Number of protein chains: 2
Amino acid sequence: MTTPMRPADAYPGSYGTSEGGAVGRVTLQTIADRVGVSRMTVSNAFSRPDQLSAELRATILAAADELGYVGPDPAARSLARGTTGAVGVLLTESVGSAFQDPIAAAFFGSVAQELAPTGLALALLPSVESPDRIPARDIPMDGALVYSCAGDMAPVNWLIKRKLPLVFVDQAPIAGASSVLLDDRVGARAAAQHLLDLGHRRIGILTTASDRSVGIAPDPATAGVGYVSRERVEGWMSALGPAGADVTVVHLPDNTEVHAEQGARTLLALDDRPTAVLCFSDLIAWTFERVARSQGVRVPDDLSVVGYDDSPIARRAQPALTTVRQDLDAKGRAAATALTRAIARSRGDATVGDGPDAVLVPTELVVRESTAPVPAER
Amino acid sequence: MTTPMRPADAYPGSYGTSEGGAVGRVTLQTIADRVGVSRMTVSNAFSRPDQLSAELRATILAAADELGYVGPDPAARSLARGTTGAVGVLLTESVGSAFQDPIAAAFFGSVAQELAPTGLALALLPSVESPDRIPARDIPMDGALVYSCAGDMAPVNWLIKRKLPLVFVDQAPIAGASSVLLDDRVGARAAAQHLLDLGHRRIGILTTASDRSVGIAPDPATAGVGYVSRERVEGWMSALGPAGADVTVVHLPDNTEVHAEQGARTLLALDDRPTAVLCFSDLIAWTFERVARSQGVRVPDDLSVVGYDDSPIARRAQPALTTVRQDLDAKGRAAATALTRAIARSRGDATVGDGPDAVLVPTELVVRESTAPVPAER
DNA sequence: ACCCACCTCTTGACCGGTACAGACCGCAGG
DNA sequence: CCTGCGGTCTGTACCGGTCAAGAGGTGGGT
């Protein structure tokens, strides 16, 4: 086989071939012509090393290197192969929240860690909706993670319509899709039971809901729209209800410090102030502690507080928060696995079973210093 | 005019057309046949609304909806158009570190925020290197952010070879690429000057380097391989050198608590213990404080400590750390802007100037409680 | 000597779009 | 009546690969 190969000299923008005219771009064909083989063989040299002799492959790779050819064009390969090597991540809020919210960050860190060996990239999808650019619809991906999104979000629908393999996290899944959910019912129930065991019967709840403003919910059973919020409320109530506790639920529009503070004031201002408070998150619990302290209410002597998530601030809080821990690492691993399995399944891989996965991540009550027996009646 | 979006009521696997036989997949052609127009017109209905009458467009969109067609296949579109709508992010460590390291997380949060309006997705590239799957080489993207990577990392080279528009962050850029750098020289110098102003002359430095183990550097000028590390050392020395300070540099293999602790012990065990210490990061400074305290050395009374970054722990530390703040939000915005500009430039957009951008993000000394005047000689 | 399996490489079709240059048409202006 | 023109739609040629089937040559088994 004759392979005339002259040393290629620099490619400062201007391409050219020894024979023929100027060429716009180096492709498989360019190299094939250079070496004198078919395009397919060059393709194999890169993608299927076992399909040609090591010798020829070396020649081809050398020629490619010389011509400044990196490897098969990813976009073209995606089209031909039907896979892209990236999975999407859809979030409720801005993508920034994935990094700012410590719970989300820990979760995605774990997902990334678990996904790394597969070589899949994590594509964070902005949820903007300009009529022409809709990431959830237009970005190439092999599957996606839907993280705690409002179920009716338009981007979710795009993903569904694309029939992409999906995994719903902290959110009710659609039929046929896999899910990774926290065992919130059990966790919340344990937290409530803990308070009951300490003798508390007048209990406040601070949780997020669909309401626009902070306020006392008419009926404790009325949980917010959010899936997670609903689960936690039901968990708490499943212990408090039967015990005949006197429950006051305060709804917050979201999980922010500002609203948590308003909610805290609302509860503390009640005539019959609760002796214990269950919070939707550690952030809210932490804020509650702060507001209580500023009003001269001692935690846990006068009032017990329970958080949720066991985020870093739980340990940092003064006093350290009793809370419900979720194993974020396990959750991340489960989500990554469920996603790769869903993708494999969509490709007809029979080794992964056929039903969608439904993982329930266990929760655990962590008792610290923010809870104590109910104080003697004043 | 937008497509009406109903909550997609299941297309359970089985496809079929009203006319003709079973069809493998719905494409532009399927719809074109259904409506009786050319494929191109259907394409325009989705991608170039102004190229056909509103009437026909509506008909086409309706037919598409009916057939369960979501929109042009992203992979195919990428190939034809030459853009993907995603930008890559390359990190030194595992992708998880983007979420775990608070500095990186804040930075990427800001990048994402700034990138959102453009509709570009952020694809986090795992740096695994199995011979067949190399994300940096194989994943379709329009450009990439290279974040504080060792310059000789293989993935960086793949990106370069692909001739992608790149932005180097916290890292020396290659020729022709844009960069976003912290003004570390100035920040470090200010920190050192602050100590000099307080009267300190015997000063320790704890910084990361290429060394395998913790140890005293023979020559203060020998900075580590890391770009950032080098910059900071030079900044510190630019003040300390001329002042004739007695400087001891301890090299750490990385920015971890374990090694920081070893480094701290090394400095504290010196016969002529420094009266002040400059640290590469807040984490190291925070660890130093802890070790010092455990040895009965009081900060700042006996010894002053300066951190770097003004990360959350700087404020949390006991005593709160004097440190050098970097505006992570500004850094993120600058990086996002530089990247979109680089992409625009690569497409021949003349409105963005032709040279690569080189942004220098300002730093600022924040004096808290961990620094004090040099103590009287024992 | 013969047949077949095996290793290599080639051929032709296809992945699902988009760009660009017309073709066709009704209408206002000279 | 012919011309020029803008608005619509069509035809053709890509974009740069991969897949599946087949064509030669080689060597081993019998």
# chains A, B, ... in the order shown; residues from 1 in each chain; ligands from 1
>>> interface_residues(of="chain C", to="chain A", cutoff="10 Å", atoms="only C-alpha atoms (C1' of nucleotides)", output="list in words")
DC7, DT8, DC9, DT10, DT11, DC14, DC15, DG16 and DG17 of chain C
>>> select_by_dssp(residues="segment 137-374 of chain A", states="helix (DSSP H, G or I)", output="count of residues only")
90
>>> residues_around(residues="Ala314 of chain A", least_positions_apart="2", cutoff="12 Å", atoms="only C-alpha atoms (C1' of nucleotides)", output="ChimeraX atom specification")
/A:102-103,279,281-287,289,305-312,316-325,366-370
>>> residues_around(residues="Gly85 of chain A", least_positions_apart="4", cutoff="7 Å", atoms="only C-alpha atoms (C1' of nucleotides)", output="PDB file with C-alpha atoms, in the first residue's frame")
ATOM      1  CA  LEU A 120     -22.249  11.398  30.307  1.00  0.00           C
ATOM      2  CA  ALA A 121     -22.183  15.165  30.645  1.00  0.00           C
ATOM      3  CA  MET A 141     -29.645  14.885  25.027  1.00  0.00           C
ATOM      4  CA  ASP A 142     -30.132  11.233  25.798  1.00  0.00           C
TER       5      ASP A 142
ATOM      6  CA  ILE B 139     -19.803  16.076  23.242  1.00  0.00           C
TER       7      ILE B 139
END
>>> closest_atom_pairs(of="chain D", to="chain B", cutoff="10 Å", atoms="only C-alpha atoms (C1' of nucleotides)", output="JSON lines")
{"residue": "D:DG7", "atom": "C1'", "partner": "B:Leu52", "partner_atom": "CA", "distance": 8.3}
{"residue": "D:DT8", "atom": "C1'", "partner": "B:Leu52", "partner_atom": "CA", "distance": 6.0}
{"residue": "D:DC9", "atom": "C1'", "partner": "B:Thr41", "partner_atom": "CA", "distance": 6.9}
{"residue": "D:DT10", "atom": "C1'", "partner": "B:Ser38", "partner_atom": "CA", "distance": 6.5}
{"residue": "D:DG11", "atom": "C1'", "partner": "B:Ser38", "partner_atom": "CA", "distance": 9.4}
{"residue": "D:DC14", "atom": "C1'", "partner": "B:Ala80", "partner_atom": "CA", "distance": 8.7}
{"residue": "D:DC15", "atom": "C1'", "partner": "B:Ala80", "partner_atom": "CA", "distance": 4.7}
{"residue": "D:DG16", "atom": "C1'", "partner": "B:Leu79", "partner_atom": "CA", "distance": 7.7}
{"residue": "D:DG17", "atom": "C1'", "partner": "B:Leu79", "partner_atom": "CA", "distance": 9.9}
>>> write_last_selection(atoms="C-alpha atoms (C1' of nucleotides)", output="PDB file, in the first residue's frame")
ATOM      1  C1'  DG D   7     -44.464  37.138  -0.769  1.00  0.00           C
ATOM      2  C1'  DT D   8     -44.724  31.926  -0.910  1.00  0.00           C
ATOM      3  C1'  DC D   9     -43.303  27.665  -1.717  1.00  0.00           C
ATOM      4  C1'  DT D  10     -40.197  24.038  -3.974  1.00  0.00           C
ATOM      5  C1'  DG D  11     -35.768  21.573  -5.541  1.00  0.00           C
ATOM      6  C1'  DC D  14     -25.227  19.730   1.372  1.00  0.00           C
ATOM      7  C1'  DC D  15     -24.002  18.949   7.071  1.00  0.00           C
ATOM      8  C1'  DG D  16     -20.335  14.799   8.526  1.00  0.00           C
ATOM      9  C1'  DG D  17     -20.917  10.677  10.148  1.00  0.00           C
TER      10       DG D  17
END
>>> atom_distance(atom1="atom CA of Ser304 of chain A", atom2="atom CA of Gly241 of chain A")
18.8 Å
>>> residues_around(residues="segment 89-94 of chain A", least_positions_apart="4", cutoff="9 Å", atoms="only C-alpha atoms (C1' of nucleotides)", output="JSON, numbers by chain")
{"A": [98, 122, 123, 124, 125, 126, 127, 128, 136, 143, 144, 145, 146, 147, 148, 149, 150, 153, 155, 156], "B": [112, 113, 116]}
>>> calpha_fit_rmsd(fixed="chain A", moving="chain B")
2.8 Å
>>> atom_distance(atom1="atom CA of Pro373 of chain B", atom2="atom CA of Leu198 of chain B")
4.5 Å
>>> select_by_dssp(residues="segment 200-332 of chain A", states="strand (DSSP E or B)", output="ChimeraX atom specification")
/A:202-208,215-216,246-252,276-279,304-306,309,322-326
>>> residues_around(residues="segment 24-32 of chain A", least_positions_apart="5", cutoff="10 Å", atoms="only C-alpha atoms (C1' of nucleotides)", output="PDB file with N, CA, C and O atoms (P, O5', C5', C4', C3', O3' and C1' of nucleotides), in the first residue's frame")
ATOM      1  N   SER A  14      -5.816  28.862   7.117  1.00  0.00           N
ATOM      2  CA  SER A  14      -5.981  28.571   5.693  1.00  0.00           C
ATOM      3  C   SER A  14      -5.734  27.096   5.405  1.00  0.00           C
ATOM      4  O   SER A  14      -4.651  26.584   5.611  1.00  0.00           O
ATOM      5  N   TYR A  15      -6.724  26.410   4.991  1.00  0.00           N
ATOM      6  CA  TYR A  15      -6.583  25.007   4.677  1.00  0.00           C
ATOM      7  C   TYR A  15      -6.296  24.846   3.192  1.00  0.00           C
ATOM      8  O   TYR A  15      -6.636  25.683   2.377  1.00  0.00           O
ATOM      9  N   GLY A  16      -5.711  23.759   2.837  1.00  0.00           N
ATOM     10  CA  GLY A  16      -5.461  23.496   1.422  1.00  0.00           C
ATOM     11  C   GLY A  16      -5.030  22.055   1.285  1.00  0.00           C
ATOM     12  O   GLY A  16      -4.509  21.471   2.218  1.00  0.00           O
ATOM     13  N   THR A  17      -5.269  21.440   0.149  1.00  0.00           N
ATOM     14  CA  THR A  17      -4.825  20.071  -0.059  1.00  0.00           C
ATOM     15  C   THR A  17      -3.743  20.049  -1.118  1.00  0.00           C
ATOM     16  O   THR A  17      -3.653  20.948  -1.937  1.00  0.00           O
ATOM     17  N   VAL A  37      -7.770   5.536   1.352  1.00  0.00           N
ATOM     18  CA  VAL A  37      -8.710   4.493   1.757  1.00  0.00           C
ATOM     19  C   VAL A  37     -10.119   5.070   1.711  1.00  0.00           C
ATOM     20  O   VAL A  37     -10.296   6.233   1.375  1.00  0.00           O
ATOM     21  N   SER A  38     -11.074   4.250   2.047  1.00  0.00           N
ATOM     22  CA  SER A  38     -12.447   4.756   2.012  1.00  0.00           C
ATOM     23  C   SER A  38     -12.768   5.516   3.288  1.00  0.00           C
ATOM     24  O   SER A  38     -12.123   5.337   4.316  1.00  0.00           O
ATOM     25  N   ARG A  39     -13.757   6.338   3.191  1.00  0.00           N
ATOM     26  CA  ARG A  39     -14.174   7.162   4.324  1.00  0.00           C
ATOM     27  C   ARG A  39     -14.499   6.270   5.517  1.00  0.00           C
ATOM     28  O   ARG A  39     -14.157   6.549   6.643  1.00  0.00           O
ATOM     29  N   MET A  40     -15.158   5.175   5.226  1.00  0.00           N
ATOM     30  CA  MET A  40     -15.593   4.269   6.277  1.00  0.00           C
ATOM     31  C   MET A  40     -14.421   3.726   7.081  1.00  0.00           C
ATOM     32  O   MET A  40     -14.514   3.554   8.299  1.00  0.00           O
ATOM     33  N   THR A  41     -13.352   3.474   6.406  1.00  0.00           N
ATOM     34  CA  THR A  41     -12.189   2.931   7.106  1.00  0.00           C
ATOM     35  C   THR A  41     -11.623   3.955   8.088  1.00  0.00           C
ATOM     36  O   THR A  41     -11.229   3.616   9.203  1.00  0.00           O
ATOM     37  N   VAL A  42     -11.622   5.182   7.651  1.00  0.00           N
ATOM     38  CA  VAL A  42     -11.149   6.229   8.560  1.00  0.00           C
ATOM     39  C   VAL A  42     -12.075   6.314   9.764  1.00  0.00           C
ATOM     40  O   VAL A  42     -11.630   6.412  10.913  1.00  0.00           O
ATOM     41  N   SER A  43     -13.356   6.239   9.483  1.00  0.00           N
ATOM     42  CA  SER A  43     -14.325   6.266  10.578  1.00  0.00           C
ATOM     43  C   SER A  43     -14.022   5.157  11.566  1.00  0.00           C
ATOM     44  O   SER A  43     -14.003   5.360  12.773  1.00  0.00           O
ATOM     45  N   PHE A  46     -11.235   5.563  14.039  1.00  0.00           N
ATOM     46  CA  PHE A  46     -11.546   6.324  15.241  1.00  0.00           C
ATOM     47  C   PHE A  46     -12.548   5.629  16.151  1.00  0.00           C
ATOM     48  O   PHE A  46     -12.402   5.617  17.362  1.00  0.00           O
ATOM     49  N   ILE A  60      -3.504   6.055   9.504  1.00  0.00           N
ATOM     50  CA  ILE A  60      -4.642   6.973   9.423  1.00  0.00           C
ATOM     51  C   ILE A  60      -4.589   8.010  10.530  1.00  0.00           C
ATOM     52  O   ILE A  60      -4.750   9.214  10.297  1.00  0.00           O
ATOM     53  N   LEU A  61      -4.342   7.533  11.749  1.00  0.00           N
ATOM     54  CA  LEU A  61      -4.293   8.457  12.876  1.00  0.00           C
ATOM     55  C   LEU A  61      -3.196   9.498  12.690  1.00  0.00           C
ATOM     56  O   LEU A  61      -3.371  10.677  13.013  1.00  0.00           O
ATOM     57  N   ALA A  62      -2.095   9.049  12.147  1.00  0.00           N
ATOM     58  CA  ALA A  62      -0.992   9.980  11.909  1.00  0.00           C
ATOM     59  C   ALA A  62      -1.406  11.041  10.901  1.00  0.00           C
ATOM     60  O   ALA A  62      -1.192  12.234  11.106  1.00  0.00           O
ATOM     61  N   ALA A  63      -2.028  10.575   9.833  1.00  0.00           N
ATOM     62  CA  ALA A  63      -2.476  11.514   8.806  1.00  0.00           C
ATOM     63  C   ALA A  63      -3.480  12.503   9.392  1.00  0.00           C
ATOM     64  O   ALA A  63      -3.435  13.699   9.119  1.00  0.00           O
ATOM     65  N   ALA A  64      -4.357  11.982  10.209  1.00  0.00           N
ATOM     66  CA  ALA A  64      -5.375  12.837  10.818  1.00  0.00           C
ATOM     67  C   ALA A  64      -4.705  13.899  11.669  1.00  0.00           C
ATOM     68  O   ALA A  64      -5.041  15.081  11.590  1.00  0.00           O
ATOM     69  N   ASP A  65      -3.768  13.468  12.466  1.00  0.00           N
ATOM     70  CA  ASP A  65      -3.069  14.383  13.352  1.00  0.00           C
ATOM     71  C   ASP A  65      -2.407  15.479  12.536  1.00  0.00           C
ATOM     72  O   ASP A  65      -2.473  16.660  12.859  1.00  0.00           O
ATOM     73  N   GLU A  66      -1.804  15.041  11.468  1.00  0.00           N
ATOM     74  CA  GLU A  66      -1.096  15.955  10.602  1.00  0.00           C
ATOM     75  C   GLU A  66      -2.025  17.006   9.996  1.00  0.00           C
ATOM     76  O   GLU A  66      -1.656  18.161   9.825  1.00  0.00           O
ATOM     77  N   LEU A  67      -3.202  16.566   9.684  1.00  0.00           N
ATOM     78  CA  LEU A  67      -4.163  17.480   9.068  1.00  0.00           C
ATOM     79  C   LEU A  67      -4.953  18.270  10.108  1.00  0.00           C
ATOM     80  O   LEU A  67      -5.819  19.065   9.781  1.00  0.00           O
ATOM     81  N   GLY A  68      -4.666  18.019  11.356  1.00  0.00           N
ATOM     82  CA  GLY A  68      -5.381  18.747  12.398  1.00  0.00           C
ATOM     83  C   GLY A  68      -6.803  18.268  12.596  1.00  0.00           C
ATOM     84  O   GLY A  68      -7.676  19.010  13.039  1.00  0.00           O
ATOM     85  N   TYR A  69      -7.002  17.009  12.305  1.00  0.00           N
ATOM     86  CA  TYR A  69      -8.341  16.449  12.486  1.00  0.00           C
ATOM     87  C   TYR A  69      -8.419  15.829  13.880  1.00  0.00           C
ATOM     88  O   TYR A  69      -7.610  14.996  14.250  1.00  0.00           O
ATOM     89  N   VAL A  70      -9.403  16.239  14.647  1.00  0.00           N
ATOM     90  CA  VAL A  70      -9.480  15.816  16.045  1.00  0.00           C
ATOM     91  C   VAL A  70     -10.183  14.483  16.215  1.00  0.00           C
ATOM     92  O   VAL A  70      -9.798  13.637  17.006  1.00  0.00           O
ATOM     93  N   GLY A  71     -11.231  14.310  15.472  1.00  0.00           N
ATOM     94  CA  GLY A  71     -12.047  13.109  15.611  1.00  0.00           C
ATOM     95  C   GLY A  71     -13.387  13.398  14.987  1.00  0.00           C
ATOM     96  O   GLY A  71     -13.657  14.531  14.587  1.00  0.00           O
ATOM     97  N   PRO A  72     -14.207  12.394  14.885  1.00  0.00           N
ATOM     98  CA  PRO A  72     -15.505  12.560  14.245  1.00  0.00           C
ATOM     99  C   PRO A  72     -16.276  13.734  14.846  1.00  0.00           C
ATOM    100  O   PRO A  72     -16.283  13.913  16.047  1.00  0.00           O
ATOM    101  N   ASP A  73     -16.892  14.495  14.012  1.00  0.00           N
ATOM    102  CA  ASP A  73     -17.685  15.623  14.467  1.00  0.00           C
ATOM    103  C   ASP A  73     -18.813  15.146  15.387  1.00  0.00           C
ATOM    104  O   ASP A  73     -19.637  14.313  14.988  1.00  0.00           O
TER     105      ASP A  73
ATOM    106  P    DG D  16     -19.178  19.618   7.303  1.00  0.00           P
ATOM    107  O5'  DG D  16     -19.028  18.174   7.976  1.00  0.00           O
ATOM    108  C5'  DG D  16     -19.303  18.035   9.359  1.00  0.00           C
ATOM    109  C4'  DG D  16     -19.457  16.574   9.678  1.00  0.00           C
ATOM    110  C3'  DG D  16     -18.302  15.693   9.198  1.00  0.00           C
ATOM    111  O3'  DG D  16     -17.946  14.838  10.246  1.00  0.00           O
ATOM    112  C1'  DG D  16     -20.335  14.799   8.526  1.00  0.00           C
ATOM    113  P    DG D  17     -16.557  14.029  10.219  1.00  0.00           P
ATOM    114  O5'  DG D  17     -16.958  12.673  10.968  1.00  0.00           O
ATOM    115  C5'  DG D  17     -17.725  11.727  10.326  1.00  0.00           C
ATOM    116  C4'  DG D  17     -18.897  11.301  11.153  1.00  0.00           C
ATOM    117  C3'  DG D  17     -18.988   9.795  11.310  1.00  0.00           C
ATOM    118  O3'  DG D  17     -19.017   9.390  12.648  1.00  0.00           O
ATOM    119  C1'  DG D  17     -20.917  10.677  10.148  1.00  0.00           C
TER     120       DG D  17
END
>>> closest_residue(among="B:Ser210, B:Ser346, B:Gln262, B:Ser238", to="chain A", atoms="only C-alpha atoms")
B:Ser346
>>> residues_around(residues="Val247 of chain B", least_positions_apart="3", cutoff="8 Å", atoms="only C-alpha atoms (C1' of nucleotides)", output="list in words")
Arg202, Ile203, Gly204, Ile205, Pro220 and Leu240 of chain B
>>> write_last_selection(atoms="C-alpha atoms", output="PDB file, in the first residue's frame")
ATOM      1  CA  ARG B 202       8.411  37.182  60.556  1.00  0.00           C
ATOM      2  CA  ILE B 203       5.790  35.803  58.209  1.00  0.00           C
ATOM      3  CA  GLY B 204       4.666  32.314  57.238  1.00  0.00           C
ATOM      4  CA  ILE B 205       2.976  31.375  53.997  1.00  0.00           C
ATOM      5  CA  PRO B 220      10.193  31.531  48.784  1.00  0.00           C
ATOM      6  CA  LEU B 240       7.288  41.197  51.701  1.00  0.00           C
TER       7      LEU B 240
END
>>> closest_residue(among="A:Ile313, A:Val186, A:Ile216, A:Leu267", to="chain B", atoms="only C-alpha atoms")
A:Ile313
>>> closest_residue(among="A:Thr371, A:Asn44, A:Ser213, A:Thr84", to="chain B", atoms="only C-alpha atoms")
A:Thr84
>>> atom_distance(atom1="atom CA of Arg189 of chain A", atom2="atom CA of Gly263 of chain A")
21.7 Å
>>> closest_residue(among="B:Glu261, B:Ala245, B:Thr266, B:Asp329", to="chain A", atoms="only C-alpha atoms")
B:Asp329
